[in-house]
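Worksheet: the structure to be examined is printed underneath.
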Amino acid sequence: MFQEVGDHMGASSPFPVALNRPVTARSKWVRPKATPEDIQRLIDNLPWHVSSRIWVSQSTGCWLWAGADSGSGRGGEYGRVSIDGKTTAVHIYLYTRLFGPIKGKRKYLDHTCRARNCCNPEHLEQVTHRMNCARRDAAQRKLRRQLVSSTSLC
Ligand SMILES: [Zn+2]
């Protein structure tokens, strides 16, 4: 049984839309596992204006958002989508459709794939603000090291 498209936050159901069962995990910090059937149900129930703008990368598994984004610069490059007249971040929308509302101290979603325009819920992890910043800084340091080593070869 599927929910209506407009019921994206699962407000009328005790369970997330796509999971359609209680969220269970080893601890409250570990993201629950989604089965291939859960992912298929998520995809099958996305509004057309969302699903038609997602491109799946065969090499990384990223779901790359091809619609509007939050621009460039700080806080930029995140996909944005209109749901029920409200603009929201597409990665948060898909994550909450699959796993339910984000609760607790870990209210930031970190892109473990480091692709800001990816909205694959399985590439997202709930983290604290501090963890999110630390991971971002570590990723930037790694990128800088790679750039230095690649340019020093020239
Ligand atoms: Zn990704």
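Following the order of the structure tokens, chains are lettered A, B, ..., residues in each are numbered from 1, and ligands are numbered from 1.
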
Write out as a Markdown table the residues of chain A that have any atom within 9 Å of an atom of ligand 1, one row each with the nearest atom pair and its distance in Å to one decimal, counting only C-alpha atoms and all ligand atoms, sorted by chain and then rising number.
| residue | atom | partner | partner_atom_place_in_ligand_line | distance |
| --- | --- | --- | --- | --- |
| A:Ser57 | CA | ligand 1 | 1 (Zn) | 8.5 |
| A:Thr60 | CA | ligand 1 | 1 (Zn) | 6.8 |
| A:Gly61 | CA | ligand 1 | 1 (Zn) | 6.2 |
| A:Cys62 | CA | ligand 1 | 1 (Zn) | 3.5 |
| A:Trp63 | CA | ligand 1 | 1 (Zn) | 6.0 |
| A:Leu64 | CA | ligand 1 | 1 (Zn) | 7.3 |
| A:His111 | CA | ligand 1 | 1 (Zn) | 6.6 |
| A:Thr112 | CA | ligand 1 | 1 (Zn) | 7.0 |
| A:Cys113 | CA | ligand 1 | 1 (Zn) | 4.5 |
| A:Arg114 | CA | ligand 1 | 1 (Zn) | 6.9 |
| A:Ala115 | CA | ligand 1 | 1 (Zn) | 5.6 |
| A:Arg116 | CA | ligand 1 | 1 (Zn) | 7.9 |
| A:Asn117 | CA | ligand 1 | 1 (Zn) | 7.9 |
| A:Cys118 | CA | ligand 1 | 1 (Zn) | 4.6 |
| A:Cys119 | CA | ligand 1 | 1 (Zn) | 6.6 |
| A:Asn120 | CA | ligand 1 | 1 (Zn) | 5.7 |
| A:Pro121 | CA | ligand 1 | 1 (Zn) | 8.2 |
| A:Glu122 | CA | ligand 1 | 1 (Zn) | 7.8 |
| A:His123 | CA | ligand 1 | 1 (Zn) | 4.9 |
| A:Leu124 | CA | ligand 1 | 1 (Zn) | 7.7 |

With the cut-off set at 12 Å and counting only C-alpha atoms, tabulate each residue of segment 40-65 of chain A with an atom at most that distance from an atom of segment 88-108 of chain A, showing the nearest atom pair and its distance in Å to one decimal, ordered by chain and increasing number, as CSV.
residue,atom,partner,partner_atom,distance
A:Gln40,CA,A:Leu98,CA,10.5
A:Arg41,CA,A:Leu98,CA,9.0
A:Leu42,CA,A:Leu98,CA,6.4
A:Ile43,CA,A:Leu94,CA,9.3
A:Asp44,CA,A:Arg97,CA,11.9
A:Asn45,CA,A:Arg97,CA,9.6
A:Leu46,CA,A:Leu94,CA,8.7
A:Pro47,CA,A:Leu94,CA,11.1
A:His49,CA,A:Val90,CA,11.3
A:Val50,CA,A:Val90,CA,8.3
A:Ser51,CA,A:Leu94,CA,10.4
A:Arg53,CA,A:Val90,CA,10.5
A:Ile54,CA,A:Val90,CA,10.1
A:Cys62,CA,A:His91,CA,11.3
A:Trp63,CA,A:His91,CA,9.5
A:Leu64,CA,A:His91,CA,10.0
A:Trp65,CA,A:Val90,CA,8.0

Expected answer as a count of residues only: alpha helix (DSSP H) residues in segment 52-102 of chain A: 10

Segment 65-114 of chain A: residues DSSP assigns to strand (DSSP E), reported as a list of chain:residue names: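 In segment 65-114 of chain A, DSSP puts these residues in strand (DSSP E): A:Trp65, A:Arg80, A:Val81, A:Ser82, A:Ile83, A:Lys86, A:Thr87, A:Thr88, A:Ala89, A:Tyr108, A:Leu109, A:Asp110, A:His111.
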
Please produce a file of those selected residues containing C-alpha atoms, as a PDB file, in the first residue's frame.
ATOM      1  CA  TRP A  65      20.352  15.785  -9.239  1.00  0.00           C
ATOM      2  CA  ARG A  80      16.510  21.940  -4.528  1.00  0.00           C
ATOM      3  CA  VAL A  81      13.001  20.796  -5.329  1.00  0.00           C
ATOM      4  CA  SER A  82       9.490  22.105  -4.831  1.00  0.00           C
ATOM      5  CA  ILE A  83       7.259  19.777  -2.822  1.00  0.00           C
ATOM      6  CA  LYS A  86       7.675  24.451  -0.523  1.00  0.00           C
ATOM      7  CA  THR A  87      11.262  24.448  -1.720  1.00  0.00           C
ATOM      8  CA  THR A  88      13.360  21.862   0.049  1.00  0.00           C
ATOM      9  CA  ALA A  89      16.748  20.180  -0.282  1.00  0.00           C
ATOM     10  CA  TYR A 108      22.894  17.107   9.582  1.00  0.00           C
ATOM     11  CA  LEU A 109      23.144  14.811   6.582  1.00  0.00           C
ATOM     12  CA  ASP A 110      26.691  14.173   5.458  1.00  0.00           C
ATOM     13  CA  HIS A 111      27.275  13.085   1.874  1.00  0.00           C
TER      14      HIS A 111
END

Spatial neighbours of Ser70 of chain A, 8 Å, only C-alpha atoms, chain gap at least 6 places, as a list in words: Gly76, Glu77, Tyr78, Gly79 and Arg80 of chain A

Atom-to-atom span, atom CA of Ser52 of chain A and atom CA of Lys33 of chain A, Å: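 Pair atom CA of Ser52 of chain A / atom CA of Lys33 of chain A returns 25.0 Å.
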
d(atom CA of Thr128 of chain A, atom CA of Lys142 of chain A) in Å: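 Atom CA of Lys142 of chain A lies at a distance of 21.1 Å from atom CA of Thr128 of chain A.
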